[in-house]
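Coordinates as given in start.pdb (PDB, C-alpha atoms):
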ATOM      1  CA  MET A  62      30.593   0.446  79.717
ATOM      2  CA  ALA A  63      32.080   0.784  83.187
ATOM      3  CA  ALA A  64      32.378  -2.148  85.550
ATOM      4  CA  MET A  65      29.752  -2.367  88.253
ATOM      5  CA  PRO A  66      30.712  -0.763  91.570
ATOM      6  CA  ASP A  67      31.793  -2.910  94.464
ATOM      7  CA  ARG A  68      29.011  -4.040  96.787
ATOM      8  CA  GLY A  69      28.732  -1.835  99.849
ATOM      9  CA  SER A  70      30.097   1.327  98.234
ATOM     10  CA  LEU A  71      27.022   2.463  96.324
ATOM     11  CA  LEU A  72      26.697   5.946  97.854
ATOM     12  CA  GLU A  73      30.358   6.769  97.245
ATOM     13  CA  GLN A  74      30.066   5.527  93.667
ATOM     14  CA  LEU A  75      27.004   7.711  93.093
ATOM     15  CA  MET A  76      28.896  10.746  94.332
ATOM     16  CA  GLU A  77      31.323  10.259  91.425
ATOM     17  CA  ARG A  78      28.613  10.279  88.731
ATOM     18  CA  ARG A  79      27.487  13.316  86.776
ATOM     19  CA  VAL A  80      23.848  12.169  86.593
ATOM     20  CA  VAL A  81      21.941   9.964  89.030
ATOM     21  CA  ILE A  82      18.408   8.904  88.042
ATOM     22  CA  LEU A  83      16.183   7.343  90.688
ATOM     23  CA  THR A  84      13.128   5.318  89.753
ATOM     24  CA  GLY A  85      10.707   3.020  91.510
ATOM     25  CA  LYS A  86       7.097   2.230  92.223
ATOM     26  CA  GLY A  87       4.995   5.023  93.681
ATOM     27  CA  GLY A  88       5.124   5.162  97.474
ATOM     28  CA  VAL A  89       8.626   3.728  97.957
ATOM     29  CA  GLY A  90      10.202   7.083  98.868
ATOM     30  CA  LYS A  91      11.792   7.910  95.515
ATOM     31  CA  SER A  92      11.270  11.669  95.841
ATOM     32  CA  THR A  93      12.464  11.863  99.449
ATOM     33  CA  THR A  94      15.525   9.793  98.584
ATOM     34  CA  SER A  95      16.286  12.037  95.595
ATOM     35  CA  ALA A  96      16.122  15.122  97.811
ATOM     36  CA  ALA A  97      18.349  13.543 100.454
ATOM     37  CA  LEU A  98      20.877  12.376  97.856
ATOM     38  CA  ALA A  99      21.074  15.911  96.465
ATOM     39  CA  LEU A 100      21.705  17.199  99.977
ATOM     40  CA  VAL A 101      24.462  14.618 100.575
ATOM     41  CA  ALA A 102      26.237  15.775  97.415
ATOM     42  CA  ALA A 103      25.774  19.452  98.321
ATOM     43  CA  LYS A 104      27.272  18.876 101.767
ATOM     44  CA  ARG A 105      30.356  17.584  99.973
ATOM     45  CA  GLY A 106      30.714  20.862  98.106
ATOM     46  CA  LYS A 107      29.012  19.875  94.856
ATOM     47  CA  ARG A 108      26.691  22.246  93.003
ATOM     48  CA  VAL A 109      23.637  20.058  92.477
ATOM     49  CA  LEU A 110      20.621  20.300  90.191
ATOM     50  CA  LEU A 111      17.578  18.303  91.324
ATOM     51  CA  ILE A 112      15.152  17.631  88.455
ATOM     52  CA  GLU A 113      11.604  16.472  89.068
ATOM     53  CA  ILE A 114      10.514  14.575  85.970
ATOM     54  CA  ASP A 115       6.771  14.067  86.434
ATOM     55  CA  ALA A 116       6.091  17.614  87.683
ATOM     56  CA  LYS A 117       4.123  16.609  90.776
ATOM     57  CA  GLY A 118       5.633  19.645  92.407
ATOM     58  CA  ASN A 119       6.353  18.079  95.790
ATOM     59  CA  VAL A 120      10.166  17.992  95.738
ATOM     60  CA  PRO A 121      10.448  21.598  97.054
ATOM     61  CA  ASP A 122       8.402  20.494 100.072
ATOM     62  CA  PHE A 123      11.433  18.530 101.240
ATOM     63  CA  PHE A 124      13.370  21.815 101.418
ATOM     64  CA  ASP A 125      10.580  24.012 102.851
ATOM     65  CA  VAL A 126      10.475  26.234  99.770
ATOM     66  CA  LYS A 127       7.795  27.218  97.266
ATOM     67  CA  ARG A 128       7.091  25.320  94.058
ATOM     68  CA  VAL A 129       9.683  25.476  91.304
ATOM     69  CA  GLY A 130       9.138  25.785  87.561
ATOM     70  CA  PHE A 131      11.145  24.982  84.461
ATOM     71  CA  LYS A 132      13.951  27.383  85.382
ATOM     72  CA  ALA A 133      16.339  26.230  88.097
ATOM     73  CA  ARG A 134      15.737  27.861  91.476
ATOM     74  CA  ARG A 135      17.659  27.548  94.729
ATOM     75  CA  LEU A 136      16.285  24.949  97.158
ATOM     76  CA  ALA A 137      19.113  24.884  99.701
ATOM     77  CA  ASN A 138      22.798  25.715  99.897
ATOM     78  CA  ASN A 139      24.356  24.319  96.677
ATOM     79  CA  VAL A 140      21.048  22.646  95.679
ATOM     80  CA  TYR A 141      18.885  23.965  92.836
ATOM     81  CA  GLY A 142      15.675  22.471  91.504
ATOM     82  CA  LEU A 143      13.462  22.513  88.448
ATOM     83  CA  SER A 144      10.273  20.765  87.431
ATOM     84  CA  MET A 145       9.791  19.382  83.930
ATOM     85  CA  GLN A 146       7.053  21.053  81.881
ATOM     86  CA  ALA A 147       6.361  19.839  78.348
ATOM     87  CA  ASP A 148       5.565  23.206  76.754
ATOM     88  CA  GLU A 149       8.626  24.886  78.245
ATOM     89  CA  SER A 150      10.808  21.977  77.178
ATOM     90  CA  MET A 151       9.500  22.233  73.607
ATOM     91  CA  ARG A 152      10.108  25.991  73.545
ATOM     92  CA  GLU A 153      13.672  25.537  74.808
ATOM     93  CA  TYR A 154      14.336  22.814  72.239
ATOM     94  CA  LEU A 155      13.118  24.973  69.347
ATOM     95  CA  THR A 156      15.127  27.955  70.576
ATOM     96  CA  ILE A 157      18.429  26.159  71.218
ATOM     97  CA  TYR A 158      18.550  23.338  68.696
ATOM     98  CA  MET A 159      16.380  24.611  65.861
ATOM     99  CA  HIS A 160      17.744  28.157  66.215
ATOM    100  CA  LEU A 161      14.265  29.655  66.439
ATOM    101  CA  PRO A 162      13.804  32.772  68.569
ATOM    102  CA  GLY A 163      11.732  32.606  71.737
ATOM    103  CA  PHE A 164       8.026  32.970  71.040
ATOM    104  CA  SER A 165       4.622  31.832  72.202
ATOM    105  CA  LEU A 166       3.781  28.266  71.226
ATOM    106  CA  ARG A 167       0.046  28.995  71.059
ATOM    107  CA  PRO A 168      -0.077  29.410  67.257
ATOM    108  CA  LEU A 169       1.837  26.122  66.840
ATOM    109  CA  GLU A 170       0.157  24.015  69.526
ATOM    110  CA  GLY A 171      -1.833  21.900  67.067
ATOM    111  CA  PHE A 172       1.165  21.381  64.810
ATOM    112  CA  MET A 173       3.450  20.439  67.713
ATOM    113  CA  ARG A 174       0.901  17.929  69.018
ATOM    114  CA  TYR A 175       0.812  16.396  65.549
ATOM    115  CA  VAL A 176       4.608  16.224  65.336
ATOM    116  CA  SER A 177       4.875  14.735  68.836
ATOM    117  CA  SER A 178       2.360  12.042  67.916
ATOM    118  CA  ALA A 179       3.843  11.377  64.499
ATOM    119  CA  ILE A 180       7.367  10.787  65.811
ATOM    120  CA  PRO A 181       7.297   8.088  68.518
ATOM    121  CA  GLY A 182       9.537   8.938  71.424
ATOM    122  CA  LEU A 183       9.783  12.673  70.720
ATOM    123  CA  LYS A 184       7.870  13.667  73.854
ATOM    124  CA  GLU A 185      10.040  11.396  75.965
ATOM    125  CA  MET A 186      13.190  12.744  74.312
ATOM    126  CA  LEU A 187      12.200  16.297  75.214
ATOM    127  CA  ILE A 188      12.014  15.231  78.862
ATOM    128  CA  THR A 189      15.252  13.268  78.993
ATOM    129  CA  GLY A 190      16.842  15.783  76.637
ATOM    130  CA  LYS A 191      16.551  18.435  79.332
ATOM    131  CA  VAL A 192      18.576  16.207  81.656
ATOM    132  CA  ALA A 193      21.210  15.656  78.969
ATOM    133  CA  TYR A 194      21.292  19.368  78.095
ATOM    134  CA  GLU A 195      21.904  20.357  81.715
ATOM    135  CA  GLU A 196      24.665  17.751  81.995
ATOM    136  CA  ARG A 197      26.389  19.394  79.037
ATOM    137  CA  ALA A 198      25.766  22.982  80.139
ATOM    138  CA  ARG A 199      28.862  25.078  80.816
ATOM    139  CA  GLU A 200      29.482  28.424  82.505
ATOM    140  CA  ASP A 201      32.840  30.164  82.149
ATOM    141  CA  GLY A 202      34.269  26.994  80.643
ATOM    142  CA  ALA A 203      33.292  24.770  83.593
ATOM    143  CA  PRO A 204      30.271  22.491  84.042
ATOM    144  CA  ARG A 205      27.267  24.395  85.338
ATOM    145  CA  TRP A 206      26.435  21.494  87.651
ATOM    146  CA  ASP A 207      28.755  19.094  89.462
ATOM    147  CA  MET A 208      25.940  16.581  89.799
ATOM    148  CA  ILE A 209      22.374  16.194  88.538
ATOM    149  CA  VAL A 210      19.924  14.149  90.597
ATOM    150  CA  VAL A 211      16.747  13.137  88.781
ATOM    151  CA  ASP A 212      13.557  12.203  90.592
ATOM    152  CA  GLY A 213      12.679   9.955  87.702
ATOM    153  CA  ALA A 214       9.486   8.539  86.265
ATOM    154  CA  PRO A 215       7.870   5.572  88.045
ATOM    155  CA  THR A 216       8.338   1.993  86.937
ATOM    156  CA  GLY A 217       5.633   2.071  84.267
ATOM    157  CA  HIS A 218       7.205   4.933  82.286
ATOM    158  CA  VAL A 219      10.918   5.148  82.996
ATOM    159  CA  VAL A 220      12.091   2.543  80.475
ATOM    160  CA  SER A 221      10.336   4.203  77.543
ATOM    161  CA  GLN A 222      11.579   7.643  78.624
ATOM    162  CA  LEU A 223      15.214   6.706  79.000
ATOM    163  CA  ASN A 224      15.191   4.518  75.895
ATOM    164  CA  ALA A 225      13.494   7.113  73.673
ATOM    165  CA  ALA A 226      16.742   8.655  72.466
ATOM    166  CA  ARG A 227      18.150   5.312  71.292
ATOM    167  CA  GLU A 228      14.898   4.476  69.502
ATOM    168  CA  LEU A 229      14.912   7.849  67.754
ATOM    169  CA  THR A 230      18.426   7.231  66.437
ATOM    170  CA  GLU A 231      17.013   4.222  64.591
ATOM    171  CA  LEU A 232      13.874   6.008  63.427
ATOM    172  CA  VAL A 233      15.450   9.326  62.371
ATOM    173  CA  LYS A 234      18.617   8.567  60.413
ATOM    174  CA  SER A 235      20.026  12.068  59.949
ATOM    175  CA  GLY A 236      19.653  15.690  60.921
ATOM    176  CA  PRO A 237      19.698  17.493  64.266
ATOM    177  CA  ILE A 238      17.185  15.182  65.988
ATOM    178  CA  HIS A 239      19.334  12.163  65.074
ATOM    179  CA  ASP A 240      22.560  13.806  66.240
ATOM    180  CA  GLN A 241      21.058  14.940  69.537
ATOM    181  CA  SER A 242      19.495  11.536  70.108
ATOM    182  CA  VAL A 243      22.889   9.890  69.694
ATOM    183  CA  TRP A 244      24.625  11.842  72.435
ATOM    184  CA  MET A 245      21.625  11.530  74.748
ATOM    185  CA  ALA A 246      21.560   7.753  74.316
ATOM    186  CA  GLU A 247      25.313   7.622  74.946
ATOM    187  CA  LEU A 248      24.908   9.538  78.223
ATOM    188  CA  PHE A 249      22.228   7.252  79.670
ATOM    189  CA  ARG A 250      24.107   4.050  78.896
ATOM    190  CA  ASP A 251      27.489   5.354  80.088
ATOM    191  CA  GLN A 252      27.824   4.195  83.694
ATOM    192  CA  ASP A 253      30.924   6.322  84.191
ATOM    193  CA  ARG A 254      28.697   9.395  83.900
ATOM    194  CA  CYS A 255      25.140   8.226  84.549
ATOM    195  CA  ALA A 256      23.690   5.898  87.182
ATOM    196  CA  VAL A 257      20.134   4.576  87.087
ATOM    197  CA  VAL A 258      19.201   3.541  90.616
ATOM    198  CA  LEU A 259      16.200   1.403  91.520
ATOM    199  CA  VAL A 260      14.392   2.375  94.720
ATOM    200  CA  THR A 261      12.111  -0.066  96.516
ATOM    201  CA  ILE A 262      10.847  -1.149  99.921
ATOM    202  CA  PRO A 263      10.835  -4.647 101.486
ATOM    203  CA  GLU A 264       7.291  -5.586 100.488
ATOM    204  CA  GLU A 265       6.050  -8.114  97.954
ATOM    205  CA  MET A 266       4.522  -5.904  95.234
ATOM    206  CA  PRO A 267       7.273  -3.233  95.167
ATOM    207  CA  ALA A 268       9.974  -5.918  95.239
ATOM    208  CA  ASN A 269       8.385  -7.823  92.349
ATOM    209  CA  GLU A 270       7.948  -4.633  90.306
ATOM    210  CA  THR A 271      11.588  -3.759  90.901
ATOM    211  CA  ILE A 272      12.731  -7.157  89.659
ATOM    212  CA  ASP A 273      10.483  -6.812  86.600
ATOM    213  CA  LEU A 274      11.793  -3.300  85.920
ATOM    214  CA  HIS A 275      15.386  -4.489  86.117
ATOM    215  CA  GLN A 276      14.621  -7.211  83.588
ATOM    216  CA  ARG A 277      12.932  -4.701  81.256
ATOM    217  CA  PHE A 278      16.088  -2.587  81.227
ATOM    218  CA  LEU A 279      18.114  -5.677  80.319
ATOM    219  CA  ASP A 280      15.687  -6.864  77.620
ATOM    220  CA  GLU A 281      14.631  -3.577  76.023
ATOM    221  CA  THR A 282      17.517  -1.143  76.417
ATOM    222  CA  GLU A 283      21.271  -0.764  76.508
ATOM    223  CA  ILE A 284      20.936   0.879  79.933
ATOM    224  CA  ARG A 285      22.013  -1.210  82.903
ATOM    225  CA  PRO A 286      20.736  -0.336  86.396
ATOM    226  CA  PHE A 287      23.620   0.791  88.588
ATOM    227  CA  GLY A 288      22.383   0.018  92.085
ATOM    228  CA  LEU A 289      19.495  -0.527  94.463
ATOM    229  CA  ILE A 290      18.269   1.592  97.364
ATOM    230  CA  LEU A 291      16.274  -0.566  99.777
ATOM    231  CA  ASN A 292      14.205   2.009 101.594
ATOM    232  CA  GLN A 293      12.034   2.153 104.724
ATOM    233  CA  LEU A 294      13.610  -0.790 106.494
ATOM    234  CA  GLN A 295      12.410  -1.461 110.017
ATOM    235  CA  PRO A 296      15.034   0.030 112.355
ATOM    236  CA  LEU A 297      16.324  -2.277 115.045
ATOM    237  CA  PRO A 298      15.473  -0.769 118.470
ATOM    238  CA  LEU A 299      17.942  -2.962 120.360
ATOM    239  CA  PRO A 300      21.428  -4.382 119.806
ATOM    240  CA  ALA A 301      21.455  -7.220 117.271
ATOM    241  CA  GLY A 302      22.953  -9.536 119.885
ATOM    242  CA  GLU A 303      19.790  -9.254 121.961
ATOM    243  CA  LEU A 304      17.450 -10.513 119.221
ATOM    244  CA  PRO A 305      17.568 -14.164 120.409
ATOM    245  CA  GLU A 306      16.482 -13.030 123.862
ATOM    246  CA  LEU A 307      13.632 -11.017 122.329
ATOM    247  CA  ARG A 308      12.487 -14.015 120.277
ATOM    248  CA  SER A 309      12.486 -16.165 123.392
ATOM    249  CA  ALA A 310      10.442 -13.601 125.296
ATOM    250  CA  VAL A 311       7.946 -13.136 122.479
ATOM    251  CA  ARG A 312       7.652 -16.642 121.035
ATOM    252  CA  GLY A 313       9.456 -19.067 123.303
ATOM    253  CA  LYS A 314       9.243 -20.260 126.882
ATOM    254  CA  GLY A 315      10.068 -16.786 128.133
ATOM    255  CA  ARG A 316       6.617 -15.613 127.051
ATOM    256  CA  LYS A 317       4.743 -17.727 129.607
ATOM    257  CA  GLU A 318       7.148 -16.741 132.337
ATOM    258  CA  LEU A 319       6.785 -13.051 131.523
ATOM    259  CA  LEU A 320       2.979 -13.184 131.405
ATOM    260  CA  ALA A 321       2.841 -15.143 134.632
ATOM    261  CA  ALA A 322       4.733 -12.370 136.369
ATOM    262  CA  HIS A 323       3.205  -9.457 134.397
ATOM    263  CA  GLU A 324      -0.278 -10.034 132.911
ATOM    264  CA  GLU A 325      -0.290  -6.482 131.560
ATOM    265  CA  ALA A 326       2.680  -7.319 129.278
ATOM    266  CA  GLU A 327       0.495  -8.875 126.536
ATOM    267  CA  PRO A 328       0.309  -5.700 124.367
ATOM    268  CA  LEU A 329       4.084  -5.320 124.656
ATOM    269  CA  LEU A 330       4.588  -8.901 123.503
ATOM    270  CA  GLN A 331       2.258  -8.324 120.560
ATOM    271  CA  ALA A 332       4.321  -5.285 119.579
ATOM    272  CA  GLY A 333       7.429  -7.451 119.824
ATOM    273  CA  GLU A 334       5.820 -10.027 117.522
ATOM    274  CA  MET A 335       5.016  -7.321 114.961
ATOM    275  CA  LEU A 336       8.615  -6.120 115.103
ATOM    276  CA  LEU A 337       9.976  -9.614 114.531
ATOM    277  CA  GLU A 338       7.597 -10.193 111.626
ATOM    278  CA  ARG A 339       8.694  -6.964 109.921
ATOM    279  CA  LEU A 340      12.369  -7.773 110.444
ATOM    280  CA  GLU A 341      11.911 -11.264 109.031
ATOM    281  CA  ALA A 342       9.917 -10.016 106.032
ATOM    282  CA  ALA A 343      12.551  -7.385 105.291
ATOM    283  CA  ALA A 344      15.310  -9.995 105.451
ATOM    284  CA  GLN A 345      13.337 -12.260 103.114
ATOM    285  CA  PHE A 346      12.700  -9.585 100.476
ATOM    286  CA  LYS A 347      16.246  -8.303 100.779
ATOM    287  CA  GLU A 348      17.539 -11.782  99.963
ATOM    288  CA  ILE A 349      15.100 -12.134  97.044
ATOM    289  CA  LEU A 350      16.153  -8.767  95.601
ATOM    290  CA  GLN A 351      19.861  -9.393  95.996
ATOM    291  CA  ARG A 352      19.607 -12.825  94.428
ATOM    292  CA  ALA A 353      17.548 -11.569  91.487
ATOM    293  CA  LEU A 354      19.321  -8.270  90.818
ATOM    294  CA  LYS A 355      22.892  -8.760  92.028
ATOM    295  CA  LEU A 356      23.233  -4.984  92.450
ATOM    296  CA  PRO A 357      25.176  -3.031  95.068
ATOM    297  CA  THR A 358      22.648  -1.942  97.672
ATOM    298  CA  LEU A 359      22.225   0.946 100.072
ATOM    299  CA  GLU A 360      19.886   0.080 102.945
ATOM    300  CA  VAL A 361      17.952   2.991 104.444
ATOM    301  CA  PRO A 362      15.904   2.588 107.646
ATOM    302  CA  TYR A 363      12.444   4.058 108.056
ATOM    303  CA  ILE A 364      12.442   7.491 109.684
ATOM    304  CA  PHE A 365       9.430   8.129 111.885
ATOM    305  CA  GLU A 366       8.558  11.742 111.144
ATOM    306  CA  ARG A 367       5.132  13.293 110.600
ATOM    307  CA  ARG A 368       6.345  16.131 108.392
ATOM    308  CA  HIS A 369       8.642  15.828 105.377
ATOM    309  CA  GLY A 370      10.440  19.179 105.380
ATOM    310  CA  LEU A 371      14.074  20.246 105.353
ATOM    311  CA  ALA A 372      14.693  18.816 108.827
ATOM    312  CA  PHE A 373      13.501  15.409 107.606
ATOM    313  CA  THR A 374      15.636  15.630 104.455
ATOM    314  CA  ARG A 375      18.704  16.461 106.511
ATOM    315  CA  GLU A 376      18.033  13.534 108.850
ATOM    316  CA  LEU A 377      17.541  11.154 105.924
ATOM    317  CA  ALA A 378      20.755  12.391 104.284
ATOM    318  CA  ALA A 379      22.655  11.807 107.529
ATOM    319  CA  VAL A 380      21.181   8.312 107.867
ATOM    320  CA  MET A 381      22.109   7.439 104.273
ATOM    321  CA  GLN A 382      25.711   8.489 104.880
ATOM    322  CA  ALA A 383      25.849   6.561 108.151
ATOM    323  CA  GLU A 384      24.432   3.413 106.536
ATOM    324  CA  ALA A 385      26.909   3.698 103.656
ATOM    325  CA  ARG A 386      29.820   3.701 106.100
ATOM    326  CA  GLU A 387      28.726   0.500 107.838
TER     327      GLU A 387
END
Whole structure given in structure tokens:
Amino acid sequence: MAAMPDRGSLLEQLMERRVVILTGKGGVGKSTTSAALALVAAKRGKRVLLIEIDAKGNVPDFFDVKRVGFKARRLANNVYGLSMQADESMREYLTIYMHLPGFSLRPLEGFMRYVSSAIPGLKEMLITGKVAYEERAREDGAPRWDMIVVDGAPTGHVVSQLNAARELTELVKSGPIHDQSVWMAELFRDQDRCAVVLVTIPEEMPANETIDLHQRFLDETEIRPFGLILNQLQPLPLPAGELPELRSAVRGKGRKELLAAHEEAEPLLQAGEMLLERLEAAAQFKEILQRALKLPTLEVPYIFERRHGLAFTRELAAVMQAEARE
């Protein structure tokens, strides 16, 4: 297993990986971050596949294009996307690995449901197997994709999905399912090729779930999280050197002086207090996360936009690159 990347260089390290899987609690910006990361890689000349695992169908919204299906479709220059669909994944598996010709699954639906239930982890392997298959795919002797970005399952499902291949190697001791499970499990635990990145925001419940998820990976799998993206941080609207002056004006003796001269300044002072509280909370949760996880971290400020289209994705990608350079 590769050594962990140096702190402060997470984005550059991710750009060197073949597969990057992002996971986190719902609402922390996992999908938007996945889209922006794909755009960062594409801007560097990589041919990128963006895979949406849970098939919500909203990833194309970040590129202002229509919904995508199981076949990769262009989202932007050098960025292609697909959405996982269980039936299509099963059909592809039977066609490629079991050497069965393409056909309708309708006559076999009951049987396939039985098989999926009888073999624990098979459904999950079909999902992660698509990621592994695309990582292996070649065209004219070269990799089809330079990088695969996965908008992964949320915290409650990602461990079982990514660990399914390893569990199947223990359950199924021989045959094609065993052999395929082996190389899938090897991919997900190989940090030279694959990076699992935790995405969270500086709030109590998401931070605690992220710490719990990290521990589950350590306890239940051979997969080690690669890094942390701390998303939606409160941007600082003034130079850092002016914060003491702001604190004095909002909380200290400067407050009385300001109100004595400007009674109408009370709402502005309240806004300043809210800003300070958010900055302090973010610093607190950042320290808790860094102490608990000890992972290289990319900090991403909140972007105040009403609409999450291609313009937003481009802005977020630019911000991520700027933050990585600091």
Please provide as number ranges by chain all residues within 10 Å of range 215-217 of chain A, with the sequence filter that same-chain residues fewer than 3 positions apart are discarded (counting only C-alpha atoms).
-> A: 83-88, 91, 114-115, 212, 220-222, 259-260, 267, 270-271, 273-275, 277
Centre, x/y/z edge lengths, axis-aligned box for range 315-324 of chain A with 8 Å per side, as lines of an AutoDock Vina configuration file:
center_x = 4.9
center_y = -13.6
center_z = 131.7
size_x = 26.3
size_y = 24.3
size_z = 25.3
Please write the residues picked by the PyMOL selection byres ((chain A and resi 231) around 12) on this file as a list in words.
->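 That expression, the PyMOL selection byres ((chain A and resi 231) around 12), corresponds here to Ile180, Pro181, Gly182, Asn224, Ala225, Ala226, Arg227, Glu228, Leu229, Thr230, Leu232, Val233, Lys234, Ser235, Ile238, His239, Asp240, Ser242, Val243 and Ala246 of chain A.
Applied to the file shown here, the PyMOL selection byres ((chain A and resi 330) around 10) selects the residues A:Leu307, A:Arg308, A:Ala310, A:Val311, A:Arg312, A:Arg316, A:Leu319, A:Leu320, A:Glu325, A:Ala326, A:Glu327, A:Pro328, A:Leu329, A:Gln331, A:Ala332, A:Gly333, A:Glu334, A:Met335, A:Leu336.
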Counting only C-alpha atoms, find the residues whose atoms lie at most 12 Å from (27.0, 4.0, 99.2) (file coordinates) and write them out as a PyMOL selection string.
-> chain A and resi 66-77+98+101-102+258+287-291+356-361+378+380-387
Using only C-alpha atoms, find the one residue out of A:Glu376, A:Glu318, A:Asp253, A:Glu264 that sits nearest to Val89 in chain A.
->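 Among the listed residues, A:Glu264 lies closest to Val89 in chain A.
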Between CA of Met208 in chain A and CA of Ala256 in chain A - distance in Å to one decimal =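 Separation between CA of Ala256 in chain A and CA of Met208 in chain A: 11.2 Å.
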What would range 74-90 of chain A look like with N, CA and C atoms restored, written as a short mmCIF file (atom, residue, chain, number, x, y, z; two decimals), keeping the file's coordinate frame?
data_model
loop_
_atom_site.label_atom_id
_atom_site.label_comp_id
_atom_site.auth_asym_id
_atom_site.auth_seq_id
_atom_site.Cartn_x
_atom_site.Cartn_y
_atom_site.Cartn_z
N GLN A 74 30.04 5.63 95.13
CA GLN A 74 30.07 5.53 93.67
C GLN A 74 29.12 6.54 93.03
N LEU A 75 27.96 6.74 93.63
CA LEU A 75 27.00 7.71 93.09
C LEU A 75 27.56 9.13 93.16
N MET A 76 28.33 9.41 94.19
CA MET A 76 28.90 10.75 94.33
C MET A 76 29.90 11.07 93.22
N GLU A 77 30.36 10.05 92.50
CA GLU A 77 31.32 10.26 91.42
C GLU A 77 30.65 10.38 90.06
N ARG A 78 29.33 10.22 90.01
CA ARG A 78 28.61 10.28 88.73
C ARG A 78 28.09 11.68 88.46
N ARG A 79 28.01 12.01 87.18
CA ARG A 79 27.49 13.32 86.78
C ARG A 79 25.97 13.36 86.88
N VAL A 80 25.31 12.24 86.58
CA VAL A 80 23.85 12.17 86.59
C VAL A 80 23.43 10.92 87.36
N VAL A 81 22.50 11.09 88.29
CA VAL A 81 21.94 9.96 89.03
C VAL A 81 20.42 10.02 88.87
N ILE A 82 19.84 8.96 88.30
CA ILE A 82 18.41 8.90 88.04
C ILE A 82 17.79 7.85 88.95
N LEU A 83 16.85 8.27 89.79
CA LEU A 83 16.18 7.34 90.69
C LEU A 83 14.79 7.01 90.16
N THR A 84 14.44 5.74 90.20
CA THR A 84 13.13 5.32 89.75
C THR A 84 12.62 4.20 90.65
N GLY A 85 11.31 4.06 90.70
CA GLY A 85 10.71 3.02 91.51
C GLY A 85 9.20 3.17 91.53
N LYS A 86 8.55 2.21 92.10
CA LYS A 86 7.10 2.23 92.22
C LYS A 86 6.67 3.39 93.12
N GLY A 87 5.50 3.96 92.84
CA GLY A 87 5.00 5.02 93.68
C GLY A 87 4.86 4.58 95.13
N GLY A 88 5.26 5.46 96.05
CA GLY A 88 5.12 5.16 97.47
C GLY A 88 6.34 4.55 98.13
N VAL A 89 7.43 4.36 97.37
CA VAL A 89 8.63 3.73 97.96
C VAL A 89 9.63 4.76 98.47
N GLY A 90 9.30 6.05 98.36
CA GLY A 90 10.20 7.08 98.87
C GLY A 90 11.21 7.58 97.85
#
